[in-house]
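Asks: Structure: target_35.cif, mmCIF, C-alpha atoms.
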```
data_my_file
loop_
_atom_site.label_atom_id
_atom_site.label_comp_id
_atom_site.auth_asym_id
_atom_site.auth_seq_id
_atom_site.Cartn_x
_atom_site.Cartn_y
_atom_site.Cartn_z
CA MET A 43 -97.25 -94.62 120.40
CA HIS A 44 -100.36 -96.42 119.20
CA SER A 45 -101.52 -93.30 117.37
CA LEU A 46 -98.07 -92.94 115.77
CA PHE A 47 -98.28 -96.40 114.19
CA LYS A 48 -101.86 -95.75 113.19
CA ASP A 49 -100.99 -92.45 111.47
CA PHE A 50 -97.76 -93.79 109.92
CA SER A 51 -97.36 -93.19 106.16
CA LEU A 52 -94.59 -93.57 103.58
CA SER A 53 -95.04 -89.98 102.35
CA ALA A 54 -94.36 -88.66 105.87
CA VAL A 55 -91.23 -90.81 106.16
CA VAL A 56 -89.95 -89.52 102.81
CA ALA A 57 -90.69 -85.91 103.81
CA GLY A 58 -88.80 -86.34 107.09
CA PHE A 59 -85.86 -87.98 105.30
CA ILE A 60 -85.60 -85.24 102.65
CA ALA A 61 -85.82 -82.48 105.26
CA THR A 62 -83.01 -84.08 107.27
CA LEU A 63 -80.86 -84.77 104.23
CA ILE A 64 -81.15 -81.17 103.02
CA SER A 65 -80.12 -79.97 106.48
CA TYR A 66 -76.94 -82.02 106.23
CA ALA A 67 -76.34 -81.10 102.59
CA GLY A 68 -76.55 -77.36 103.25
CA PRO A 69 -76.40 -75.88 106.79
CA LEU A 70 -73.95 -78.50 108.08
CA VAL A 71 -71.40 -77.29 105.54
CA ILE A 72 -71.26 -73.93 107.32
CA VAL A 73 -70.41 -75.68 110.58
CA PHE A 74 -67.42 -77.28 108.86
CA GLN A 75 -66.36 -73.89 107.50
CA ALA A 76 -66.53 -72.39 110.99
CA ALA A 77 -64.51 -75.27 112.43
CA LYS A 78 -61.86 -74.99 109.70
CA ALA A 79 -61.60 -71.23 110.16
CA ALA A 80 -60.98 -71.71 113.88
CA GLY A 81 -58.62 -74.66 113.38
CA LEU A 82 -60.66 -76.94 115.64
CA PRO A 83 -59.40 -80.52 116.08
CA GLN A 84 -61.38 -83.40 114.58
CA GLU A 85 -62.65 -84.68 117.94
CA VAL A 86 -64.15 -81.26 118.75
CA LEU A 87 -65.79 -81.00 115.33
CA SER A 88 -67.12 -84.55 115.65
CA SER A 89 -68.59 -83.69 119.06
CA TRP A 90 -70.13 -80.50 117.63
CA VAL A 91 -71.86 -82.50 114.86
CA TRP A 92 -72.96 -85.11 117.40
CA ALA A 93 -74.44 -82.50 119.74
CA ILE A 94 -76.47 -80.58 117.15
CA SER A 95 -77.67 -83.79 115.50
CA ILE A 96 -78.72 -85.61 118.68
CA GLY A 97 -80.29 -82.43 120.08
CA SER A 98 -82.26 -81.79 116.89
CA GLY A 99 -83.40 -85.41 116.73
CA VAL A 100 -84.54 -85.84 120.32
CA LEU A 101 -86.22 -82.44 120.50
CA GLY A 102 -87.99 -82.89 117.16
CA ILE A 103 -89.38 -86.27 118.20
CA VAL A 104 -90.53 -85.10 121.64
CA LEU A 105 -92.18 -81.87 120.45
CA SER A 106 -93.83 -83.50 117.42
CA LEU A 107 -95.38 -86.19 119.64
CA ARG A 108 -96.30 -83.68 122.35
CA PHE A 109 -98.18 -81.26 120.09
CA LYS A 110 -99.09 -83.67 117.25
CA VAL A 111 -97.58 -81.14 114.88
CA PRO A 112 -94.58 -81.59 112.51
CA VAL A 113 -92.05 -79.68 114.63
CA VAL A 114 -88.67 -79.72 112.89
CA ILE A 115 -85.70 -78.63 114.99
CA ALA A 116 -82.31 -77.81 113.49
CA TRP A 117 -79.12 -75.96 114.32
CA SER A 118 -78.86 -72.28 113.49
CA ALA A 119 -77.35 -71.86 110.00
CA PRO A 120 -77.05 -68.06 110.36
CA GLY A 121 -75.51 -68.64 113.79
CA SER A 122 -72.97 -70.99 112.20
CA ALA A 123 -72.22 -68.34 109.57
CA LEU A 124 -71.67 -65.78 112.31
CA LEU A 125 -69.12 -68.09 113.95
CA VAL A 126 -67.03 -68.39 110.78
CA GLY A 127 -65.71 -64.88 111.32
CA LEU A 128 -65.75 -64.88 115.12
CA LEU A 129 -64.30 -68.19 116.31
CA PRO A 130 -60.73 -67.53 115.09
CA GLY A 131 -60.53 -64.52 117.43
CA ILE A 132 -62.18 -66.16 120.44
CA GLY A 133 -61.00 -69.14 122.45
CA LEU A 134 -63.07 -72.31 122.23
CA ASN A 135 -63.84 -72.24 125.96
CA GLU A 136 -65.05 -68.63 125.74
CA ALA A 137 -67.19 -69.54 122.74
CA VAL A 138 -68.87 -72.31 124.73
CA GLY A 139 -69.46 -69.84 127.57
CA ALA A 140 -71.14 -67.52 125.07
CA TYR A 141 -73.31 -70.43 123.83
CA LEU A 142 -74.45 -71.00 127.41
CA VAL A 143 -75.34 -67.33 127.87
CA ALA A 144 -77.23 -67.20 124.56
CA SER A 145 -79.16 -70.39 125.39
CA ALA A 146 -80.04 -69.11 128.87
CA ILE A 147 -81.41 -65.88 127.40
CA ILE A 148 -83.56 -67.84 124.93
CA VAL A 149 -84.89 -70.04 127.75
CA LEU A 150 -85.87 -66.93 129.73
CA VAL A 151 -87.54 -65.38 126.69
CA GLY A 152 -89.50 -68.58 126.17
CA LEU A 153 -90.53 -68.96 129.81
CA CYS A 154 -91.56 -65.31 130.16
CA GLY A 155 -93.77 -65.51 127.08
CA ILE A 156 -92.50 -62.16 125.79
CA PHE A 157 -91.23 -63.50 122.45
CA ASP A 158 -93.88 -61.76 120.37
CA LYS A 159 -93.39 -58.48 122.24
CA LEU A 160 -89.61 -58.52 121.78
CA ILE A 161 -89.89 -59.23 118.08
CA GLY A 162 -92.51 -56.51 117.75
CA ARG A 163 -90.13 -53.90 119.20
CA LEU A 164 -87.16 -54.82 117.00
CA PRO A 165 -87.70 -53.42 113.48
CA ALA A 166 -87.98 -56.37 111.11
CA ALA A 167 -85.94 -54.53 108.48
CA ILE A 168 -82.99 -54.09 110.86
CA SER A 169 -82.83 -57.74 111.94
CA ALA A 170 -83.22 -58.92 108.33
CA ALA A 171 -80.46 -56.58 107.17
CA MET A 172 -78.10 -57.83 109.89
CA LEU A 173 -78.77 -61.41 108.84
CA ALA A 174 -78.17 -60.53 105.17
CA GLY A 175 -74.88 -58.87 106.11
CA ILE A 176 -73.72 -61.93 108.03
CA LEU A 177 -74.54 -64.23 105.11
CA PHE A 178 -73.25 -61.92 102.37
CA SER A 179 -69.69 -63.25 102.32
CA PHE A 180 -70.92 -66.80 101.70
CA GLY A 181 -72.62 -65.68 98.50
CA THR A 182 -69.55 -63.85 97.24
CA GLN A 183 -67.24 -66.74 98.19
CA LEU A 184 -69.22 -68.93 95.81
CA PHE A 185 -68.19 -66.80 92.83
CA ARG A 186 -64.65 -66.27 94.09
CA SER A 187 -64.18 -70.04 94.13
CA ILE A 188 -64.95 -70.21 90.39
CA GLN A 189 -61.48 -68.89 89.57
CA ASP A 190 -59.88 -71.92 91.25
CA LYS A 191 -62.34 -74.63 90.14
CA PRO A 192 -64.33 -73.24 87.19
CA LEU A 193 -65.65 -76.62 85.98
CA LEU A 194 -66.68 -77.90 89.41
CA VAL A 195 -68.27 -74.68 90.70
CA GLY A 196 -69.77 -73.81 87.30
CA ALA A 197 -71.46 -77.21 87.07
CA MET A 198 -72.81 -76.87 90.61
CA PHE A 199 -74.16 -73.41 89.85
CA ALA A 200 -75.81 -74.61 86.62
CA THR A 201 -77.35 -77.56 88.49
CA TYR A 202 -78.74 -75.20 91.11
CA LEU A 203 -80.42 -73.00 88.49
CA LEU A 204 -81.84 -76.00 86.60
CA PHE A 205 -83.32 -77.62 89.69
CA LYS A 206 -84.60 -74.29 91.01
CA ARG A 207 -86.54 -74.01 87.78
CA LEU A 208 -87.85 -77.58 87.67
CA TRP A 209 -87.63 -79.18 91.15
CA PRO A 210 -86.75 -76.39 93.63
CA ARG A 211 -87.12 -78.57 96.72
CA TYR A 212 -84.22 -80.79 95.65
CA ALA A 213 -81.89 -78.08 94.36
CA VAL A 214 -79.36 -78.18 97.21
CA LEU A 215 -79.36 -81.97 97.31
CA ALA A 216 -78.74 -82.11 93.54
CA VAL A 217 -75.88 -79.62 93.86
CA LEU A 218 -74.25 -81.80 96.51
CA LEU A 219 -74.57 -84.94 94.37
CA VAL A 220 -73.16 -83.23 91.26
CA GLY A 221 -70.27 -81.78 93.24
CA CYS A 222 -69.43 -85.19 94.74
CA VAL A 223 -69.60 -86.99 91.39
CA LEU A 224 -67.34 -84.45 89.67
CA SER A 225 -64.86 -84.46 92.56
CA LEU A 226 -64.73 -88.27 92.54
CA GLY A 227 -64.34 -88.36 88.77
CA SER A 228 -61.46 -85.89 88.81
CA GLY A 229 -59.77 -87.56 91.79
CA GLU A 230 -60.03 -84.46 93.97
CA ILE A 231 -61.47 -86.20 97.03
CA ASP A 232 -58.85 -87.15 99.60
CA ARG A 233 -59.74 -90.80 100.15
CA SER A 234 -57.14 -91.15 102.89
CA ALA A 235 -59.17 -88.79 105.09
CA LEU A 236 -62.26 -91.03 104.99
CA VAL A 237 -62.99 -93.08 108.08
CA ILE A 238 -65.96 -95.08 109.31
CA GLY A 239 -66.60 -94.32 112.95
CA LEU A 240 -69.09 -93.29 115.58
CA ALA A 241 -69.17 -89.78 117.01
CA ALA A 242 -68.17 -89.33 120.63
CA PRO A 243 -69.12 -86.33 122.79
CA HIS A 244 -66.14 -84.23 123.86
CA TRP A 245 -66.50 -82.05 126.96
CA ILE A 246 -65.39 -78.43 126.61
CA THR A 247 -65.13 -76.49 129.86
CA PRO A 248 -66.83 -73.11 129.42
CA ALA A 249 -65.15 -69.80 130.18
CA PHE A 250 -66.95 -66.48 130.39
CA SER A 251 -65.90 -63.03 129.20
CA TRP A 252 -67.74 -59.83 128.30
CA HIS A 253 -65.93 -59.86 124.99
CA ALA A 254 -67.48 -63.20 124.03
CA VAL A 255 -70.91 -62.23 125.38
CA PHE A 256 -71.12 -59.08 123.27
CA ASN A 257 -69.47 -60.57 120.18
CA VAL A 258 -71.05 -64.02 120.14
CA ALA A 259 -73.91 -64.47 122.62
CA LEU A 260 -76.01 -61.40 121.82
CA PRO A 261 -75.75 -61.73 118.01
CA LEU A 262 -76.60 -65.45 118.34
CA VAL A 263 -79.74 -64.59 120.32
CA VAL A 264 -80.88 -61.95 117.81
CA VAL A 265 -80.19 -64.21 114.83
CA ALA A 266 -81.94 -67.18 116.45
CA LEU A 267 -85.06 -65.23 117.40
CA THR A 268 -85.44 -63.19 114.21
CA GLY A 269 -83.79 -65.41 111.61
CA GLN A 270 -85.02 -68.82 112.77
CA PHE A 271 -87.91 -68.78 115.24
CA VAL A 272 -89.93 -66.05 113.51
CA PRO A 273 -89.93 -67.71 110.06
CA GLY A 274 -90.26 -71.13 111.70
CA ILE A 275 -93.44 -70.11 113.51
CA ALA A 276 -94.65 -68.45 110.29
CA VAL A 277 -94.28 -71.76 108.44
CA LEU A 278 -96.40 -73.53 111.05
CA ARG A 279 -99.04 -70.79 111.02
CA ASN A 280 -99.11 -70.77 107.21
CA ASP A 281 -100.08 -74.46 107.18
CA GLY A 282 -102.78 -73.98 109.80
CA TYR A 283 -100.96 -75.01 113.01
CA SER A 284 -101.58 -72.74 115.99
CA THR A 285 -98.95 -74.36 118.22
CA PRO A 286 -97.81 -71.95 120.97
CA ALA A 287 -94.35 -70.52 120.35
CA SER A 288 -93.17 -70.19 123.95
CA PRO A 289 -92.85 -73.94 124.79
CA ILE A 290 -90.89 -74.58 121.59
CA LEU A 291 -88.65 -71.61 122.31
CA ALA A 292 -87.98 -72.62 125.91
CA SER A 293 -87.41 -76.29 125.02
CA SER A 294 -84.95 -75.39 122.26
CA GLY A 295 -83.04 -73.08 124.60
CA LEU A 296 -82.91 -75.71 127.35
CA ALA A 297 -81.63 -78.40 124.98
CA SER A 298 -79.00 -75.97 123.65
CA LEU A 299 -77.99 -75.16 127.23
CA LEU A 300 -77.44 -78.83 128.08
CA LEU A 301 -75.49 -79.57 124.89
CA ALA A 302 -73.41 -76.38 124.73
CA PRO A 303 -70.40 -77.92 126.60
CA PHE A 304 -70.20 -80.49 123.81
CA GLY A 305 -70.04 -77.85 121.07
CA CYS A 306 -73.71 -77.12 120.32
CA HIS A 307 -73.99 -73.47 119.29
CA GLY A 308 -77.79 -73.38 119.30
CA LEU A 309 -80.89 -75.37 118.36
CA ASN A 310 -84.00 -73.70 117.01
CA LEU A 311 -87.15 -74.13 115.00
CA ALA A 312 -86.38 -74.88 111.34
CA ALA A 313 -88.07 -72.91 108.60
CA ILE A 314 -87.01 -73.92 105.08
CA THR A 315 -86.81 -77.66 105.74
CA ALA A 316 -89.84 -77.50 108.04
CA ALA A 317 -92.02 -76.48 105.08
CA ILE A 318 -91.33 -79.92 103.56
CA CYS A 319 -92.90 -81.64 106.57
CA THR A 320 -95.81 -79.24 107.13
CA GLY A 321 -97.11 -79.25 103.53
CA ARG A 322 -99.39 -81.55 101.55
CA GLU A 323 -96.44 -83.58 100.26
CA SER A 324 -96.05 -84.97 103.77
CA HIS A 325 -99.69 -86.09 104.08
CA GLN A 326 -103.06 -84.95 102.81
CA ASP A 327 -104.39 -84.93 106.38
CA PRO A 328 -102.77 -82.11 108.42
CA ASP A 329 -103.40 -84.08 111.64
CA LYS A 330 -101.10 -86.88 110.45
CA ARG A 331 -98.18 -84.78 109.26
CA TYR A 332 -96.57 -84.86 112.70
CA VAL A 333 -95.20 -88.27 111.71
CA ALA A 334 -92.83 -86.46 109.32
CA GLY A 335 -91.45 -84.47 112.26
CA VAL A 336 -90.95 -87.66 114.27
CA MET A 337 -89.22 -89.47 111.39
CA GLY A 338 -87.05 -86.44 110.68
CA GLY A 339 -85.88 -86.66 114.27
CA VAL A 340 -85.13 -90.37 113.89
CA PHE A 341 -82.96 -89.69 110.82
CA TYR A 342 -81.15 -86.94 112.74
CA LEU A 343 -80.30 -89.46 115.45
CA LEU A 344 -79.01 -92.04 112.97
CA LEU A 345 -76.81 -89.57 111.10
CA GLY A 346 -75.64 -87.93 114.31
CA ILE A 347 -74.39 -91.22 115.73
CA PHE A 348 -72.10 -91.54 112.70
CA GLY A 349 -70.86 -87.98 113.14
CA ALA A 350 -67.20 -89.02 112.84
CA THR A 351 -67.90 -90.44 109.39
CA LEU A 352 -69.64 -87.22 108.35
CA VAL A 353 -66.70 -85.17 109.59
CA SER A 354 -64.20 -87.22 107.60
CA LEU A 355 -66.42 -87.13 104.51
CA PHE A 356 -66.67 -83.36 104.47
CA SER A 357 -62.98 -83.01 105.31
CA ALA A 358 -62.14 -85.03 102.19
CA PHE A 359 -64.05 -82.66 99.89
CA PRO A 360 -62.22 -79.88 98.01
CA ARG A 361 -62.62 -76.58 99.84
CA GLU A 362 -64.12 -75.01 96.70
CA LEU A 363 -66.92 -77.58 96.77
CA ILE A 364 -67.69 -76.73 100.39
CA ALA A 365 -67.63 -72.96 99.68
CA ALA A 366 -69.87 -73.33 96.62
CA LEU A 367 -72.32 -75.61 98.42
CA ALA A 368 -72.55 -73.27 101.40
CA GLY A 369 -73.14 -70.25 99.16
CA LEU A 370 -75.82 -71.96 97.09
CA ALA A 371 -77.53 -73.40 100.18
CA LEU A 372 -77.79 -69.87 101.60
CA PHE A 373 -79.08 -68.18 98.43
CA ALA A 374 -82.68 -68.37 99.61
CA ALA A 375 -81.79 -67.04 103.06
CA ILE A 376 -79.77 -64.15 101.61
CA GLY A 377 -82.50 -63.25 99.12
CA GLY A 378 -85.24 -63.47 101.73
CA SER A 379 -83.28 -61.32 104.18
CA LEU A 380 -82.61 -58.63 101.58
CA THR A 381 -86.26 -58.64 100.53
CA HIS A 382 -87.46 -58.15 104.10
CA ALA A 383 -84.77 -55.55 104.77
CA MET A 384 -85.92 -53.38 101.89
CA ALA A 385 -89.66 -54.10 102.11
CA VAL A 386 -90.58 -50.99 104.13
CA PRO A 387 -89.56 -47.76 102.32
CA ALA A 388 -89.26 -45.77 105.54
CA ASP A 389 -86.76 -48.29 106.98
CA ARG A 390 -84.61 -48.82 103.89
CA GLU A 391 -81.82 -46.43 104.76
CA ALA A 392 -81.43 -47.75 108.30
CA ALA A 393 -81.55 -51.30 106.93
CA LEU A 394 -78.91 -50.43 104.32
CA ILE A 395 -76.62 -49.08 107.04
CA THR A 396 -77.14 -52.25 109.07
CA PHE A 397 -76.38 -54.43 106.07
CA LEU A 398 -73.22 -52.55 105.07
CA VAL A 399 -71.80 -52.52 108.59
CA SER A 400 -72.61 -56.21 109.17
CA ALA A 401 -71.12 -57.22 105.81
CA SER A 402 -68.01 -55.06 106.20
CA GLY A 403 -66.25 -57.34 108.67
CA MET A 404 -65.24 -54.31 110.74
CA SER A 405 -64.21 -54.59 114.37
CA LEU A 406 -64.32 -51.75 116.87
CA PHE A 407 -63.37 -51.93 120.57
CA GLY A 408 -63.13 -55.68 120.14
CA LEU A 409 -66.79 -55.97 119.09
CA SER A 410 -67.81 -57.66 115.84
CA ALA A 411 -69.44 -56.27 112.70
CA ALA A 412 -72.72 -58.06 113.49
CA PHE A 413 -72.98 -56.29 116.85
CA TRP A 414 -72.12 -52.88 115.37
CA GLY A 415 -74.46 -53.47 112.47
CA LEU A 416 -77.31 -53.84 114.92
CA ILE A 417 -76.22 -50.77 116.93
CA PHE A 418 -75.69 -48.50 113.91
CA GLY A 419 -78.93 -49.72 112.34
CA LEU A 420 -81.03 -49.10 115.45
CA ALA A 421 -79.44 -45.66 115.92
CA ALA A 422 -80.16 -44.75 112.30
CA HIS A 423 -83.71 -46.05 112.60
CA ALA A 424 -84.30 -43.98 115.76
CA VAL A 425 -82.99 -40.79 114.16
CA LEU A 426 -84.67 -41.21 110.78
CA SER A 427 -88.03 -42.26 112.21
CA TRP A 428 -88.13 -39.48 114.81
CA ARG A 429 -90.69 -36.81 114.02
CA ARG A 430 -91.10 -33.32 115.46
CA ALA A 431 -94.39 -32.59 117.19
CA PRO A 432 -96.78 -31.00 114.67
CA VAL A 433 -97.22 -27.25 114.98
CA ARG A 434 -100.81 -26.22 115.67
CA VAL A 435 -102.64 -23.89 113.32
CA GLY A 436 -103.20 -21.32 116.08
CA GLU A 437 -99.50 -21.23 116.89
CA VAL A 438 -98.69 -20.64 113.21
CA ALA A 439 -101.11 -17.73 113.09
CA GLN A 440 -99.58 -16.16 116.22
CA GLY A 441 -96.14 -16.52 114.68
CA ARG A 442 -97.22 -14.63 111.59
CA ASN A 443 -98.56 -11.77 113.69
#
```
Once more with this new file: its structure as structure tokens, please.
Replies:
Amino acid sequence: MHSLFKDFSLSAVVAGFIATLISYAGPLVIVFQAAKAAGLPQEVLSSWVWAISIGSGVLGIVLSLRFKVPVVIAWSAPGSALLVGLLPGIGLNEAVGAYLVASAIIVLVGLCGIFDKLIGRLPAAISAAMLAGILFSFGTQLFRSIQDKPLLVGAMFATYLLFKRLWPRYAVLAVLLVGCVLSLGSGEIDRSALVIGLAAPHWITPAFSWHAVFNVALPLVVVALTGQFVPGIAVLRNDGYSTPASPILASSGLASLLLAPFGCHGLNLAAITAAICTGRESHQDPDKRYVAGVMGGVFYLLLGIFGATLVSLFSAFPRELIAALAGLALFAAIGGSLTHAMAVPADREAALITFLVSASGMSLFGLSAAFWGLIFGLAAHAVLSWRRAPVRVGEVAQGRN
């Protein structure tokens, strides 16, 4: 703790605060969409927010202090997006059982140290295309909401473009502020829904079924490993940190396992917000940037304690504001996934098949589009990348004779 006070800086505190605030301004919105789609009661949603916030905060503080690296932990935004379409068809208890299975698999992957090998065997284009397919509907919902609230959504979209051009780091935060101001000014926020209260954990007894494992657990694992941990480790490596991936992976899985009965769908290494804490803006000295990770965790804890207030605040917003904010917050993730999906010419067709199936919303034999997108994509990749053994020159000559 002595070194923490010695290395303390205002720039690191600001970086940690901004990273946390952006997490709540963007990815948390998708959690609310998933909860609304499933019709979850307020106490369950409040517990869900409490679990992912407290888990992210405690884990971020512990890992940042342990490795002296700005480790930023967050909940899985793509995993939340996946749940928007799946939770309405799966019971809450079965969903929690699937969270436990997914977390256990991630713990095993982390403990075995085979993370890099697993990722190396799964074509990057296929996993990126599946992620893009999962997120696709959020982008289209943004523009569909314009027909209901053209002024509100149009202003949010214009704000996003302006800040992306001038101050890209604060684009999502600016969109949230503009949306709130316009909604307040037009009287579209339901003030009666606002409450000031602390979040309370709510126990959900898990139930297990093969249906939930295939539809929820396996896609959550794939999305977490490829869509969160891979770019998260890349952010750390890009800023010169050689922190081992396995301990972070195993710790995240273990924390998710413990918090799953309270609604936590998965904690993992952050990528987009992590870049705020790992860069020069946090501190000129890379060895002192870990303070930003610690402070980010502290802010997670503070906001998580008031989870009931956050739930009521987002519940009071117009649904078009939530849809627009979620779509704009995921623009970078959608664009990045599509770029990686189409980056390798030889894999483009298999990636396109994966994307189309995942985005279609199809369901076959009770299994979701995300699962079938992965299956169809891998099958297409295997067939299209298979090559016949080359015919030897001597054999050609014999054939001609």
Asks: Here's a test: counting all atoms listed in the file, identify every protein, DNA and RNA residue with an atom at most 12 Å from (-80.0, -74.0, 92.1) in the file's coordinate frame, and state them as a ChimeraX atom specification.
Replies: /A:195-218,220,366-374
Asks: Looking at all atoms listed in the file, which of A:Ala54, A:Ala116, A:Leu124, A:Ala171 is the one that sits closest to Thr320 in chain A?
Replies: A:Ala54
Asks: Figure out the distance between CA of Gly338 in chain A and CA of Ile94 in chain A, please, to one decimal in Å.
Replies: 13.7 Å
Asks: Distance table requested - range 183-271 of chain A against range 70-88 of chain A, cut-off 12 Å, only C-alpha atoms: one row per qualifying residue with the closest atom pair and its distance in Å to one decimal, ordered by chain and rising residue number, as a tab-separated table.
Replies:
```
residue	atom	partner	partner_atom	distance
A:Gln183	CA	A:Gln75	CA	11.8
A:Val214	CA	A:Val71	CA	11.6
A:Leu218	CA	A:Val71	CA	10.5
A:Ala235	CA	A:Gln84	CA	11.1
A:Val237	CA	A:Gln84	CA	11.8
A:Gly239	CA	A:Ser88	CA	10.1
A:Leu240	CA	A:Ser88	CA	9.0
A:Ala241	CA	A:Ser88	CA	5.8
A:Ala242	CA	A:Ser88	CA	7.0
A:Pro243	CA	A:Ser88	CA	7.6
A:His244	CA	A:Val86	CA	6.2
A:Trp245	CA	A:Val86	CA	8.6
A:Ile246	CA	A:Val86	CA	8.4
```
Asks: So which residues touch range 301-303 of chain A within 10 Å, counting only C-alpha atoms, skipping near sequence neighbours fewer than 2 positions away, as a PDB file with C-alpha atoms, keeping the file's coordinate frame?
Replies:
```pdb
ATOM      1  CA  SER A  89     -68.590 -83.690 119.060  1.00  0.00           C
ATOM      2  CA  TRP A  90     -70.130 -80.500 117.630  1.00  0.00           C
ATOM      3  CA  TRP A  92     -72.960 -85.110 117.400  1.00  0.00           C
ATOM      4  CA  ALA A  93     -74.440 -82.500 119.740  1.00  0.00           C
ATOM      5  CA  ILE A  94     -76.470 -80.580 117.150  1.00  0.00           C
ATOM      6  CA  ILE A  96     -78.720 -85.610 118.680  1.00  0.00           C
ATOM      7  CA  GLY A  97     -80.290 -82.430 120.080  1.00  0.00           C
ATOM      8  CA  ASN A 135     -63.840 -72.240 125.960  1.00  0.00           C
ATOM      9  CA  ALA A 137     -67.190 -69.540 122.740  1.00  0.00           C
ATOM     10  CA  VAL A 138     -68.870 -72.310 124.730  1.00  0.00           C
ATOM     11  CA  GLY A 139     -69.460 -69.840 127.570  1.00  0.00           C
ATOM     12  CA  ALA A 140     -71.140 -67.520 125.070  1.00  0.00           C
ATOM     13  CA  TYR A 141     -73.310 -70.430 123.830  1.00  0.00           C
ATOM     14  CA  LEU A 142     -74.450 -71.000 127.410  1.00  0.00           C
ATOM     15  CA  VAL A 143     -75.340 -67.330 127.870  1.00  0.00           C
ATOM     16  CA  ALA A 144     -77.230 -67.200 124.560  1.00  0.00           C
ATOM     17  CA  SER A 145     -79.160 -70.390 125.390  1.00  0.00           C
ATOM     18  CA  PRO A 243     -69.120 -86.330 122.790  1.00  0.00           C
ATOM     19  CA  HIS A 244     -66.140 -84.230 123.860  1.00  0.00           C
ATOM     20  CA  TRP A 245     -66.500 -82.050 126.960  1.00  0.00           C
ATOM     21  CA  ILE A 246     -65.390 -78.430 126.610  1.00  0.00           C
ATOM     22  CA  THR A 247     -65.130 -76.490 129.860  1.00  0.00           C
ATOM     23  CA  PRO A 248     -66.830 -73.110 129.420  1.00  0.00           C
ATOM     24  CA  GLY A 295     -83.040 -73.080 124.600  1.00  0.00           C
ATOM     25  CA  LEU A 296     -82.910 -75.710 127.350  1.00  0.00           C
ATOM     26  CA  ALA A 297     -81.630 -78.400 124.980  1.00  0.00           C
ATOM     27  CA  SER A 298     -79.000 -75.970 123.650  1.00  0.00           C
ATOM     28  CA  LEU A 299     -77.990 -75.160 127.230  1.00  0.00           C
ATOM     29  CA  GLY A 305     -70.040 -77.850 121.070  1.00  0.00           C
ATOM     30  CA  CYS A 306     -73.710 -77.120 120.320  1.00  0.00           C
ATOM     31  CA  HIS A 307     -73.990 -73.470 119.290  1.00  0.00           C
ATOM     32  CA  GLY A 308     -77.790 -73.380 119.300  1.00  0.00           C
ATOM     33  CA  LEU A 309     -80.890 -75.370 118.360  1.00  0.00           C
TER      34      LEU A 309
END
```
Asks: Starting from the displayed file, determine the output of the PyMOL selection byres ((chain A and resi 328) around 10) and express the residue list as a PyMOL selection string.
Replies: chain A and resi 110-112+281-283+320-322+324-327+329-332
Asks: Selected residues, C-alpha atoms, written as an mmCIF file, keeping the file's coordinate frame, please.
Replies:
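So again_20.cif came out as:
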```cif
data_model
loop_
_atom_site.group_PDB
_atom_site.id
_atom_site.type_symbol
_atom_site.label_atom_id
_atom_site.label_comp_id
_atom_site.auth_asym_id
_atom_site.auth_seq_id
_atom_site.Cartn_x
_atom_site.Cartn_y
_atom_site.Cartn_z
ATOM 1 C CA LYS A 110 -99.090 -83.670 117.250
ATOM 2 C CA VAL A 111 -97.580 -81.140 114.880
ATOM 3 C CA PRO A 112 -94.580 -81.590 112.510
ATOM 4 C CA ASP A 281 -100.080 -74.460 107.180
ATOM 5 C CA GLY A 282 -102.780 -73.980 109.800
ATOM 6 C CA TYR A 283 -100.960 -75.010 113.010
ATOM 7 C CA THR A 320 -95.810 -79.240 107.130
ATOM 8 C CA GLY A 321 -97.110 -79.250 103.530
ATOM 9 C CA ARG A 322 -99.390 -81.550 101.550
ATOM 10 C CA SER A 324 -96.050 -84.970 103.770
ATOM 11 C CA HIS A 325 -99.690 -86.090 104.080
ATOM 12 C CA GLN A 326 -103.060 -84.950 102.810
ATOM 13 C CA ASP A 327 -104.390 -84.930 106.380
ATOM 14 C CA ASP A 329 -103.400 -84.080 111.640
ATOM 15 C CA LYS A 330 -101.100 -86.880 110.450
ATOM 16 C CA ARG A 331 -98.180 -84.780 109.260
ATOM 17 C CA TYR A 332 -96.570 -84.860 112.700
#
```
Asks: Any chance you could work out the residue set of the PyMOL selection byres ((chain A and resi 382) around 12) here, as number ranges by chain?
Replies: A: 165-174, 268-269, 273, 375-381, 383-387, 389-390, 393-394, 397
Asks: Give me the residues within 9 Å of Thr285 in chain A as an MDAnalysis selection string, counting all atoms listed in the file and dropping any in the same chain fewer than 3 places off.
Replies: chainID A and resid 109 111 275 278:279 289:290
Asks: Could you check the closest approach to Lys191 in chain A for each of A:Leu101, A:Leu267, A:Ile147, A:Leu224 and tell me which residue wins, using all atoms listed in the file?
Replies: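 Selected residue with least distance to Lys191 in chain A: A:Leu224.
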Asks: Closest to Gly221 in chain A among A:Glu362, A:Ser400, A:Gly419, A:Cys154, using all atoms listed in the file?
Replies: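 Under the stated criterion, the closest residue is A:Glu362.
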Asks: I'd like the interatomic distance between CA of Pro120 in chain A and CA of Glu391 in chain A, to a tenth of an Å.
Replies: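 Value for the CA of Pro120 in chain A-CA of Glu391 in chain A distance: 22.8 Å.
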Asks: To one decimal place in Å, what is the distance between CA of Thr396 in chain A and CA of Asn257 in chain A?
Replies: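 Those two atoms sit 15.9 Å apart.
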Asks: Written as a list in words, what is the full residue list that the PyMOL selection byres ((chain A and resi 310) around 8) yields on the file shown?
Replies: Ile115, Ala116, Trp117, Ser118, Ala266, Gln270, Phe271, Leu291, Ser294, Gly295, Gly308, Leu309, Leu311 and Ala312 of chain A
Asks: With only C-alpha atoms as the atoms that count, which of A:Trp428, A:Phe157, A:Phe178, A:Phe250 lies nearest to Leu398 in chain A?
Replies: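 For Leu398 in chain A, the nearest of the given residues is A:Phe178.
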